[in-house]
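One structure is given here, and the rest of the page talks about it.
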Amino acid sequence: MTALPSSLQQVAAERLPRYTSYPTAPNFTPAIDGAVTRDWLRTIDPKQSASLYFHVPYCRSLCWYCGCHTKIPADDTAIGRYIETLLAELDLVVSLLPPRVGITHLHWGGGTPTIIGPSAMRRLQAAITRDFRLDAGAEIAIEVDPRTLTAEMATTLGACGFNRASLGVQTFDPVVQRAIHRIQNAAVTEAAVRHLRDAGIRALNLDLIYGLPHQTVASCVATVERVLDFAPDRVAVFGYAHVPAMKPHQRHIDEAKLPDAAARFAQAEAIAEAFLTAGYRRIGLDHFAKPDDALARALDAGRLRRNFQGYTTDGADLLLGFGASAIGRLPQGYVQNTPRIAAYQEAVAAGRMATARGVHFTAEDRLRAVVIERLMCDLTVDLEAASAAWLPAYNFARERKRLAVMAADGLVEIEGARITVPAEMRPFVRRVAAVFDAAQAVGATHAPAV
Ligand code: SF4
């Protein structure tokens, strides 16, 4: 197994963005408000296809590692009110768009989106298919908490056309599960997988985490071995980001039991080795896919993309986000709804867009976004070709100087205008991507480099 090289220990401990967007969310500003979003939505080209994202910010219990926008509802009437607001927001957004925009991807995330229950899901999906034109091959995906998925909900998802589900597993180690307040034995996951497959939802993703308290290489490998029994099509493996100043519930996690950078690196590498040995392909920084999965095919064809859900085949540049904290990507820039549920509901009830912040793309942002996305997806990019396509004559002089220093450490290879992160440096690709981040975004709120 590969050990963390001593020359890279400092790099491994750096906190860096996951680069699911560029500019990254911490750089969004309140200058982009609901009025701006309204104006931008009115300019959408009727021929442009879109992706939709619906956020449900509620869970039945709080996992202490969680970094999502979610909370425990006071009671189920809170969920009912939220559903009505989602429907009202849908009406509001649709009134500003060309009729029945085409949809290639629809994703429900959270939180625990299945918490809304079967009848609300049928109602919302009916409204979505009434207002948008779902492409024949559209991916309709949802995040699932196996601990709360019922057979009835799985059947409803199948009947509503869902064709992909992401199940949160994280770890099967009971000691780690207790330390993160998420008790989920393998039988619970197995039942959820069975319910979903019985409902006709064949494409399953599983999410794992390393770097959790008490976690070891052995417990990570044991989790992978059990996960392989479920034969998931894709697996996402995230490094735990301990940011208790941002996420106060993480204070329940015993910091003394968290693995250090070298142990995290060993866990990530052991997990990767186990999936590769089992025949999975490595996708970007932290995903694995069966060789015949669409993600692997997109990688081979140079069409792999990165968005807020991680690595994706979603090629649509237009993303419409619904719900508290949801982020949209419009031709002019990113827009994010307020994460405060009461403020979100108040805005929508008043007929206002609930945007609290965002960013207006500059030409340079677009170029940097392309370079960062190609690095995160392909581990290689041709700077001259990217500049020629997005901002001719931009030469990245400052970045090239910094890359030359990194090349001396072996983090990157430079051949003319092409820069490549060598395979063995894949875990550090975010360090190389950060060179192209104009905000120099290295900070306490981000995830450790490994
Ligand atoms: S179920 Fe998922 S979203 Fe909810 S608290 Fe746990 S990790 Fe967070």
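Letters for chains follow the order of the structure tokens (A, B, ...), residue numbers begin at 1 for each chain, and ligand numbers begin at 1 in the order shown.
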All residues 10 Å or closer to Glu413 (chain A), only C-alpha atoms, same chain fewer than 5 positions away omitted, as a VMD selection string: chain A and resid 380 403 to 404 406 to 408 418 to 422
How close does each residue of chain A get to ligand 1, giving the shortest atom pair and distance in Å to one decimal for every residue with an atom at most 8 Å away, counting only C-alpha atoms and all ligand atoms, sorted by chain and residue number, as JSON lines?
{"residue": "A:Pro57", "atom": "CA", "partner": "ligand 1", "partner_atom_place_in_ligand_line": "3 (S)", "distance": 7.7}
{"residue": "A:Tyr58", "atom": "CA", "partner": "ligand 1", "partner_atom_place_in_ligand_line": "4 (Fe)", "distance": 6.9}
{"residue": "A:Cys59", "atom": "CA", "partner": "ligand 1", "partner_atom_place_in_ligand_line": "4 (Fe)", "distance": 4.7}
{"residue": "A:Arg60", "atom": "CA", "partner": "ligand 1", "partner_atom_place_in_ligand_line": "4 (Fe)", "distance": 7.3}
{"residue": "A:Ser61", "atom": "CA", "partner": "ligand 1", "partner_atom_place_in_ligand_line": "5 (S)", "distance": 6.1}
{"residue": "A:Leu62", "atom": "CA", "partner": "ligand 1", "partner_atom_place_in_ligand_line": "5 (S)", "distance": 3.9}
{"residue": "A:Cys63", "atom": "CA", "partner": "ligand 1", "partner_atom_place_in_ligand_line": "6 (Fe)", "distance": 4.2}
{"residue": "A:Trp64", "atom": "CA", "partner": "ligand 1", "partner_atom_place_in_ligand_line": "5 (S)", "distance": 7.1}
{"residue": "A:Tyr65", "atom": "CA", "partner": "ligand 1", "partner_atom_place_in_ligand_line": "7 (S)", "distance": 6.9}
{"residue": "A:Cys66", "atom": "CA", "partner": "ligand 1", "partner_atom_place_in_ligand_line": "8 (Fe)", "distance": 4.3}
{"residue": "A:Gly67", "atom": "CA", "partner": "ligand 1", "partner_atom_place_in_ligand_line": "8 (Fe)", "distance": 6.5}
{"residue": "A:Cys68", "atom": "CA", "partner": "ligand 1", "partner_atom_place_in_ligand_line": "8 (Fe)", "distance": 5.5}
{"residue": "A:His69", "atom": "CA", "partner": "ligand 1", "partner_atom_place_in_ligand_line": "3 (S)", "distance": 7.3}
{"residue": "A:Thr70", "atom": "CA", "partner": "ligand 1", "partner_atom_place_in_ligand_line": "3 (S)", "distance": 6.0}
{"residue": "A:Lys71", "atom": "CA", "partner": "ligand 1", "partner_atom_place_in_ligand_line": "5 (S)", "distance": 7.3}
{"residue": "A:Gly110", "atom": "CA", "partner": "ligand 1", "partner_atom_place_in_ligand_line": "3 (S)", "distance": 5.5}
{"residue": "A:Gly111", "atom": "CA", "partner": "ligand 1", "partner_atom_place_in_ligand_line": "3 (S)", "distance": 3.7}
{"residue": "A:Thr112", "atom": "CA", "partner": "ligand 1", "partner_atom_place_in_ligand_line": "4 (Fe)", "distance": 5.7}
{"residue": "A:Asp145", "atom": "CA", "partner": "ligand 1", "partner_atom_place_in_ligand_line": "1 (S)", "distance": 5.8}
{"residue": "A:Gly168", "atom": "CA", "partner": "ligand 1", "partner_atom_place_in_ligand_line": "2 (Fe)", "distance": 6.8}
{"residue": "A:Arg182", "atom": "CA", "partner": "ligand 1", "partner_atom_place_in_ligand_line": "6 (Fe)", "distance": 7.2}
Dump of C-alpha atoms for the selected residues, as an mmCIF file, in the first residue's frame:
data_model
loop_
_atom_site.group_PDB
_atom_site.id
_atom_site.type_symbol
_atom_site.label_atom_id
_atom_site.label_comp_id
_atom_site.auth_asym_id
_atom_site.auth_seq_id
_atom_site.Cartn_x
_atom_site.Cartn_y
_atom_site.Cartn_z
ATOM 1 C CA PRO A 57 -33.480 20.087 4.166
ATOM 2 C CA TYR A 58 -34.877 17.614 6.695
ATOM 3 C CA CYS A 59 -33.675 14.348 8.250
ATOM 4 C CA ARG A 60 -35.070 12.041 10.954
ATOM 5 C CA SER A 61 -31.829 12.169 12.928
ATOM 6 C CA LEU A 62 -28.620 14.123 12.585
ATOM 7 C CA CYS A 63 -25.367 12.357 11.688
ATOM 8 C CA TRP A 64 -22.580 14.172 13.484
ATOM 9 C CA TYR A 65 -20.228 14.254 10.474
ATOM 10 C CA CYS A 66 -22.886 15.810 8.228
ATOM 11 C CA GLY A 67 -21.900 18.834 6.144
ATOM 12 C CA CYS A 68 -25.272 19.258 4.377
ATOM 13 C CA HIS A 69 -27.951 21.896 4.814
ATOM 14 C CA THR A 70 -30.396 19.886 6.905
ATOM 15 C CA LYS A 71 -32.208 19.810 10.244
ATOM 16 C CA GLY A 110 -30.907 16.835 0.964
ATOM 17 C CA GLY A 111 -31.230 16.121 3.757
ATOM 18 C CA THR A 112 -33.352 13.087 3.195
ATOM 19 C CA ASP A 145 -31.107 7.113 3.581
ATOM 20 C CA GLY A 168 -25.622 6.738 2.111
ATOM 21 C CA ARG A 182 -25.360 6.796 12.458
#
Test item: residues at most 6 Å from Gln336 (chain A), only C-alpha atoms, excluding those fewer than 6 positions along its chain, as a list in words: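 The contact residues come out as Ala326, Ile327, Thr355, Arg357 and Gly358 of chain A.
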Selected residues written out, C-alpha atoms, as a short mmCIF file (atom, residue, chain, number, x, y, z; two decimals), in the first residue's frame:
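Final output, saved to part-v1.cif:
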data_model
loop_
_atom_site.label_atom_id
_atom_site.label_comp_id
_atom_site.auth_asym_id
_atom_site.auth_seq_id
_atom_site.Cartn_x
_atom_site.Cartn_y
_atom_site.Cartn_z
CA ALA A 326 -30.32 25.11 -3.54
CA ILE A 327 -27.83 26.41 -6.10
CA THR A 355 -31.87 33.98 -3.90
CA ARG A 357 -26.26 35.21 -2.97
CA GLY A 358 -24.46 34.20 -6.11
#
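With only C-alpha atoms as the atoms that count, the minimum distance from Gly80 (chain A) to the choices A:Cys160, A:Gln345, A:Phe428, A:Val169 is reached by A:Gln345.
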Close residues, His107 (chain A) itself excluded, 12 Å, only C-alpha atoms, min 4 positions apart in chain, as a PyMOL selection string: chain A and resi 50-56+103+113+125+128+138-144+161-166+307-309+312+314+319-322+326
Best match for closeness to Pro26 (chain A) among A:Leu258, A:Met376, A:Val359, A:Phe238, counting only C-alpha atoms: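 When distances to Pro26 (chain A) are compared using only C-alpha atoms, the smallest one comes from A:Val359.
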Expected answer as a PyMOL selection string: strand (DSSP E or B) residues in region 155-378 of chain A: chain A and resi 164-170+203-210+234-239+281-283+287-289+305-307+310-312+318-322+327-330+333-337+355-360
Selected residues written out with C-alpha atoms, as a CSV table (one decimal), in the first residue's frame:
chain,number,residue,atom,x,y,z
A,164,ARG,CA,-30.9,6.1,-10.2
A,165,ALA,CA,-30.6,6.2,-6.4
A,166,SER,CA,-27.6,7.2,-4.2
A,167,LEU,CA,-27.5,5.4,-0.9
A,168,GLY,CA,-25.6,6.7,2.1
A,169,VAL,CA,-23.5,4.0,3.7
A,170,GLN,CA,-20.4,5.8,5.0
A,203,ALA,CA,-28.7,2.2,-11.2
A,204,LEU,CA,-27.4,2.4,-7.7
A,205,ASN,CA,-24.6,4.5,-6.2
A,206,LEU,CA,-23.2,4.0,-2.7
A,207,ASP,CA,-21.5,6.8,-0.7
A,208,LEU,CA,-18.6,6.0,1.7
A,209,ILE,CA,-16.5,8.2,3.9
A,210,TYR,CA,-13.0,7.9,5.3
A,234,ARG,CA,-20.9,3.7,-8.8
A,235,VAL,CA,-19.3,4.5,-5.5
A,236,ALA,CA,-18.3,7.9,-4.2
A,237,VAL,CA,-15.7,8.0,-1.5
A,238,PHE,CA,-15.4,11.3,0.4
A,239,GLY,CA,-12.8,12.4,3.0
A,281,ARG,CA,-12.7,2.1,-12.8
A,282,ARG,CA,-11.3,5.1,-10.9
A,283,ILE,CA,-13.2,8.3,-11.8
A,287,HIS,CA,-15.5,8.1,-7.5
A,288,PHE,CA,-15.4,4.5,-8.8
A,289,ALA,CA,-17.6,3.0,-11.4
A,305,ARG,CA,-18.4,16.6,-15.9
A,306,ARG,CA,-18.2,17.8,-12.3
A,307,ASN,CA,-21.1,19.5,-10.5
A,310,GLY,CA,-19.8,15.2,-7.7
A,311,TYR,CA,-18.8,13.5,-11.0
A,312,THR,CA,-21.6,13.3,-13.5
A,318,LEU,CA,-28.2,25.3,-17.2
A,319,LEU,CA,-29.1,24.1,-13.7
A,320,LEU,CA,-32.3,25.2,-11.9
A,321,GLY,CA,-32.2,24.7,-8.1
A,322,PHE,CA,-35.3,24.6,-6.0
A,327,ILE,CA,-27.8,26.4,-6.1
A,328,GLY,CA,-28.7,27.1,-9.7
A,329,ARG,CA,-26.3,27.7,-12.6
A,330,LEU,CA,-27.7,30.2,-15.1
A,333,GLY,CA,-23.7,33.0,-13.1
A,334,TYR,CA,-24.5,31.0,-10.0
A,335,VAL,CA,-27.5,31.8,-7.8
A,336,GLN,CA,-28.1,30.3,-4.4
A,337,ASN,CA,-31.4,30.3,-2.4
A,355,THR,CA,-31.9,34.0,-3.9
A,356,ALA,CA,-29.6,35.1,-1.1
A,357,ARG,CA,-26.3,35.2,-3.0
A,358,GLY,CA,-24.5,34.2,-6.1
A,359,VAL,CA,-21.8,35.3,-8.6
A,360,HIS,CA,-21.8,36.9,-12.0
Non-local contacts of Ala272 (chain A) (10 Å; only C-alpha atoms; under 2 positions in same chain excluded) as a list in words: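 Within the cut-off, the hits are Val221, Val224, Val237, Ala266, Gln267, Ala268, Glu269, Ala270, Ala274, Phe275, Leu276, Thr277, Ala278, Tyr280, Arg281, Arg282, Asp286, His287 and Phe288 of chain A.
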All helix (DSSP H, G or I) residues (DSSP, backbone) inside region 9-218 of chain A, as a PyMOL selection string: chain A and resi 9-13+25-27+34-41+76-94+113-116+118-131+151-159+174-180+186-198+217-218
